[in-house]
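Undergrad: Sharing coords.tsv (TSV, N, CA and C atoms) below.
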chain	number	residue	atom	x	y	z
A	438	MET	N	0.73	8.26	3.68
A	438	MET	CA	-0.24	7.20	3.79
A	438	MET	C	0.51	5.88	4.04
A	439	ARG	N	0.03	5.15	4.95
A	439	ARG	CA	0.62	3.84	5.22
A	439	ARG	C	-0.14	2.77	4.45
A	440	THR	N	0.60	1.89	3.80
A	440	THR	CA	0.01	0.81	3.02
A	440	THR	C	0.88	-0.42	3.19
A	441	THR	N	0.23	-1.55	3.32
A	441	THR	CA	0.96	-2.80	3.42
A	441	THR	C	0.78	-3.57	2.12
A	442	VAL	N	1.90	-3.95	1.51
A	442	VAL	CA	1.85	-4.73	0.27
A	442	VAL	C	2.87	-5.85	0.35
A	443	VAL	N	2.63	-6.87	-0.40
A	443	VAL	CA	3.58	-7.98	-0.50
A	443	VAL	C	4.32	-7.82	-1.82
A	444	ILE	N	5.64	-7.62	-1.73
A	444	ILE	CA	6.47	-7.43	-2.93
A	444	ILE	C	7.62	-8.42	-2.87
A	445	ASP	N	7.95	-8.97	-4.01
A	445	ASP	CA	9.05	-9.93	-4.12
A	445	ASP	C	10.33	-9.32	-3.54
A	446	ASP	N	10.91	-9.98	-2.55
A	446	ASP	CA	12.13	-9.47	-1.90
A	446	ASP	C	13.28	-9.29	-2.88
A	447	ASN	N	13.44	-10.24	-3.78
A	447	ASN	CA	14.54	-10.14	-4.75
A	447	ASN	C	14.35	-8.94	-5.68
A	448	LEU	N	13.11	-8.68	-6.07
A	448	LEU	CA	12.83	-7.54	-6.93
A	448	LEU	C	13.14	-6.22	-6.21
A	449	ILE	N	12.74	-6.13	-4.95
A	449	ILE	CA	13.03	-4.92	-4.17
A	449	ILE	C	14.54	-4.74	-4.02
A	450	LYS	N	15.25	-5.81	-3.69
A	450	LYS	CA	16.70	-5.72	-3.52
A	450	LYS	C	17.39	-5.29	-4.82
A	451	GLU	N	16.96	-5.88	-5.94
A	451	GLU	CA	17.55	-5.52	-7.22
A	451	GLU	C	17.26	-4.06	-7.57
A	452	ALA	N	16.03	-3.63	-7.36
A	452	ALA	CA	15.65	-2.24	-7.64
A	452	ALA	C	16.45	-1.28	-6.75
A	453	MET	N	16.62	-1.63	-5.48
A	453	MET	CA	17.39	-0.78	-4.57
A	453	MET	C	18.84	-0.67	-5.05
A	454	ARG	N	19.38	-1.76	-5.54
A	454	ARG	CA	20.75	-1.75	-6.02
A	454	ARG	C	20.87	-0.90	-7.29
A	455	VAL	N	19.94	-1.07	-8.21
A	455	VAL	CA	19.99	-0.37	-9.49
A	455	VAL	C	19.86	1.14	-9.33
A	456	VAL	N	18.94	1.58	-8.48
A	456	VAL	CA	18.72	3.02	-8.31
A	456	VAL	C	19.49	3.60	-7.13
A	457	LYS	N	20.27	2.73	-6.48
A	457	LYS	CA	21.08	3.13	-5.33
A	457	LYS	C	20.23	3.74	-4.21
A	458	ALA	N	19.07	3.12	-3.99
A	458	ALA	CA	18.18	3.56	-2.92
A	458	ALA	C	18.64	2.94	-1.60
A	459	ARG	N	18.47	3.69	-0.54
A	459	ARG	CA	18.88	3.19	0.77
A	459	ARG	C	17.75	2.52	1.53
A	460	THR	N	16.50	2.83	1.14
A	460	THR	CA	15.36	2.24	1.84
A	460	THR	C	14.35	1.70	0.83
A	461	LYS	N	13.48	0.83	1.32
A	461	LYS	CA	12.42	0.30	0.46
A	461	LYS	C	11.47	1.43	0.06
A	462	ARG	N	11.19	2.30	1.00
A	462	ARG	CA	10.31	3.44	0.69
A	462	ARG	C	10.89	4.28	-0.46
A	463	GLU	N	12.18	4.54	-0.39
A	463	GLU	CA	12.83	5.35	-1.42
A	463	GLU	C	12.72	4.69	-2.80
A	464	VAL	N	12.96	3.39	-2.85
A	464	VAL	CA	12.91	2.71	-4.15
A	464	VAL	C	11.48	2.65	-4.68
A	465	ILE	N	10.50	2.47	-3.81
A	465	ILE	CA	9.10	2.42	-4.26
A	465	ILE	C	8.66	3.79	-4.75
A	466	GLU	N	9.01	4.85	-4.02
A	466	GLU	CA	8.64	6.20	-4.46
A	466	GLU	C	9.34	6.57	-5.78
A	467	THR	N	10.60	6.16	-5.92
A	467	THR	CA	11.32	6.41	-7.17
A	467	THR	C	10.62	5.70	-8.32
A	468	ALA	N	10.24	4.47	-8.11
A	468	ALA	CA	9.57	3.69	-9.16
A	468	ALA	C	8.23	4.30	-9.53
A	469	LEU	N	7.47	4.73	-8.54
A	469	LEU	CA	6.16	5.33	-8.81
A	469	LEU	C	6.30	6.65	-9.57
A	470	ARG	N	7.27	7.47	-9.16
A	470	ARG	CA	7.49	8.74	-9.86
A	470	ARG	C	7.88	8.49	-11.33
A	471	GLU	N	8.74	7.52	-11.54
A	471	GLU	CA	9.19	7.20	-12.90
A	471	GLU	C	8.02	6.68	-13.74
A	472	MET	N	7.18	5.86	-13.16
A	472	MET	CA	6.03	5.33	-13.88
A	472	MET	C	5.07	6.46	-14.27
A	473	VAL	N	4.81	7.37	-13.35
A	473	VAL	CA	3.93	8.51	-13.64
A	473	VAL	C	4.56	9.39	-14.71
A	474	ARG	N	5.87	9.64	-14.62
A	474	ARG	CA	6.56	10.46	-15.62
A	474	ARG	C	6.43	9.84	-17.01
A	475	LYS	N	6.65	8.53	-17.10
A	475	LYS	CA	6.57	7.85	-18.40
A	475	LYS	C	5.15	7.88	-18.96
A	476	LYS	N	4.15	7.67	-18.12
A	476	LYS	CA	2.77	7.70	-18.60
A	476	LYS	C	2.38	9.10	-19.06
A	477	ASN	N	2.82	10.13	-18.33
A	477	ASN	CA	2.55	11.51	-18.75
A	477	ASN	C	3.22	11.82	-20.08
A	478	LEU	N	4.44	11.33	-20.26
A	478	LEU	CA	5.16	11.54	-21.52
A	478	LEU	C	4.45	10.83	-22.66
A	479	GLU	N	3.97	9.61	-22.43
A	479	GLU	CA	3.21	8.88	-23.45
A	479	GLU	C	1.96	9.65	-23.84
A	480	ALA	N	1.25	10.19	-22.86
A	480	ALA	CA	0.04	10.96	-23.13
A	480	ALA	C	0.36	12.22	-23.93
A	481	PHE	N	1.45	12.88	-23.57
A	481	PHE	CA	1.86	14.09	-24.29
A	481	PHE	C	2.21	13.76	-25.73
A	482	ARG	N	2.94	12.68	-25.95
A	482	ARG	CA	3.28	12.27	-27.32
A	482	ARG	C	2.02	11.98	-28.13
A	483	GLU	N	1.05	11.35	-27.50
A	483	GLU	CA	-0.20	11.04	-28.19
A	483	GLU	C	-0.93	12.34	-28.56
A	484	GLU	N	-0.93	13.32	-27.66
A	484	GLU	CA	-1.56	14.60	-27.96
A	484	GLU	C	-0.85	15.30	-29.11
A	485	ILE	N	0.46	15.18	-29.17
A	485	ILE	CA	1.21	15.77	-30.28
A	485	ILE	C	0.80	15.11	-31.59
A	486	LYS	N	0.70	13.77	-31.59
A	486	LYS	CA	0.29	13.05	-32.80
A	486	LYS	C	-1.10	13.48	-33.26
A	487	GLN	N	-1.97	13.79	-32.31
A	487	GLN	CA	-3.33	14.19	-32.64
A	487	GLN	C	-3.41	15.66	-33.08
A	488	GLY	N	-2.29	16.35	-33.05
A	488	GLY	CA	-2.26	17.73	-33.51
A	488	GLY	C	-2.79	18.75	-32.51
A	489	LYS	N	-2.73	18.43	-31.24
A	489	LYS	CA	-3.26	19.35	-30.23
A	489	LYS	C	-2.32	20.50	-29.92
A	490	TYR	N	-1.11	20.44	-30.45
A	490	TYR	CA	-0.12	21.49	-30.19
A	490	TYR	C	0.42	22.01	-31.52
A	491	GLU	N	0.62	23.30	-31.58
A	491	GLU	CA	1.20	23.92	-32.76
A	491	GLU	C	2.71	23.98	-32.54
A	492	LEU	N	3.43	23.15	-33.28
A	492	LEU	CA	4.86	23.01	-33.04
A	492	LEU	C	5.73	23.73	-34.07
A	493	ASP	N	5.12	24.38	-35.03
A	493	ASP	CA	5.93	25.04	-36.05
A	493	ASP	C	6.03	26.55	-35.84
A	494	LEU	N	6.05	26.98	-34.59
A	494	LEU	CA	6.17	28.40	-34.27
A	494	LEU	C	7.62	28.86	-34.42
A	495	THR	N	7.78	30.10	-34.85
A	495	THR	CA	9.12	30.69	-34.84
A	495	THR	C	9.40	31.17	-33.42
A	496	LEU	N	10.66	31.43	-33.14
A	496	LEU	CA	11.03	31.93	-31.83
A	496	LEU	C	10.32	33.25	-31.53
A	497	GLU	N	10.22	34.09	-32.53
A	497	GLU	CA	9.54	35.38	-32.36
A	497	GLU	C	8.07	35.20	-32.00
A	498	GLU	N	7.40	34.26	-32.70
A	498	GLU	CA	5.99	33.98	-32.41
A	498	GLU	C	5.81	33.45	-31.00
A	499	LEU	N	6.69	32.55	-30.61
A	499	LEU	CA	6.62	31.97	-29.28
A	499	LEU	C	6.81	33.04	-28.21
A	500	GLU	N	7.80	33.91	-28.38
A	500	GLU	CA	8.02	34.98	-27.42
A	500	GLU	C	6.84	35.94	-27.35
A	501	ARG	N	6.24	36.23	-28.51
A	501	ARG	CA	5.07	37.11	-28.54
A	501	ARG	C	3.91	36.50	-27.78
A	502	ARG	N	3.65	35.21	-28.01
A	502	ARG	CA	2.56	34.53	-27.31
A	502	ARG	C	2.79	34.47	-25.81
A	503	ARG	N	4.03	34.26	-25.40
A	503	ARG	CA	4.34	34.23	-23.98
A	503	ARG	C	4.08	35.57	-23.33
A	504	SER	N	4.42	36.64	-24.04
A	504	SER	CA	4.24	37.98	-23.48
A	504	SER	C	2.76	38.36	-23.39
A	505	GLU	N	1.90	37.72	-24.22
A	505	GLU	CA	0.47	37.99	-24.21
A	505	GLU	C	-0.21	37.38	-22.99
A	506	ASP	N	0.37	36.34	-22.44
A	506	ASP	CA	-0.26	35.64	-21.29
A	506	ASP	C	-0.12	36.39	-20.03
Represent the structure contained in this file as structure tokens.
TA:
Amino acid sequence: MRTTVVIDDNLIKEAMRVVKARTKREVIETALREMVRKKNLEAFREEIKQGKYELDLTLEELERRRSED
């Protein structure tokens, strides 16, 4: 998808330097992937806090459950 945006040149240059990106596209895609990864991790942590996952399984229990799927 093509999109035109106005982004601070200094910010783009600094981001390219920090992540060693060769193109603006590369640095923007890297930043977007990282932002999505962090938000997904935050959501997962919140689900853990809410008790949506059973984390006290033994290795044997985990292997048994995997084999049932």
Undergrad: Grab the atom CA of A:Ala458 to atom CA of A:Asp446 distance for me, in Å with one decimal place.
TA: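 Computing the Euclidean distance for atom CA of A:Ala458 and atom CA of A:Asp446 yields 14.4 Å.
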Undergrad: Would you list, as a ChimeraX atom specification, the residues of chain A that end up in alpha helix (DSSP H) under DSSP run on this structure's backbone?
TA: /A:446-456,461-486,496-505
Undergrad: Mind giving me the straight-line distance from atom CA of A:Phe481 to atom CA of A:Ala468 in Å, one decimal?
TA: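 Taking atom CA of A:Phe481 and atom CA of A:Ala468, their separation equals 19.9 Å.
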Undergrad: Using only C-alpha atoms, which of the listed residues (A:Glu479, A:Glu491, A:Glu451, A:Asp506) sits closest to A:Val464?
TA: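 Closest to A:Val464, using only C-alpha atoms: A:Glu451.
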Undergrad: Between atom CA of A:Ile444 and atom CA of A:Val473, what is the distance in Å, rounded to a tenth?
TA: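 Spanning atom CA of A:Ile444 to atom CA of A:Val473 is a straight-line distance of 19.4 Å.
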Undergrad: Nearest to A:Val456 among A:Glu471, A:Met438, A:Val443, A:Gly488, with distances taken over only C-alpha atoms: which residue is it?
TA: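 Comparing A:Glu471, A:Met438, A:Val443, A:Gly488 against A:Val456, the winner is A:Glu471.
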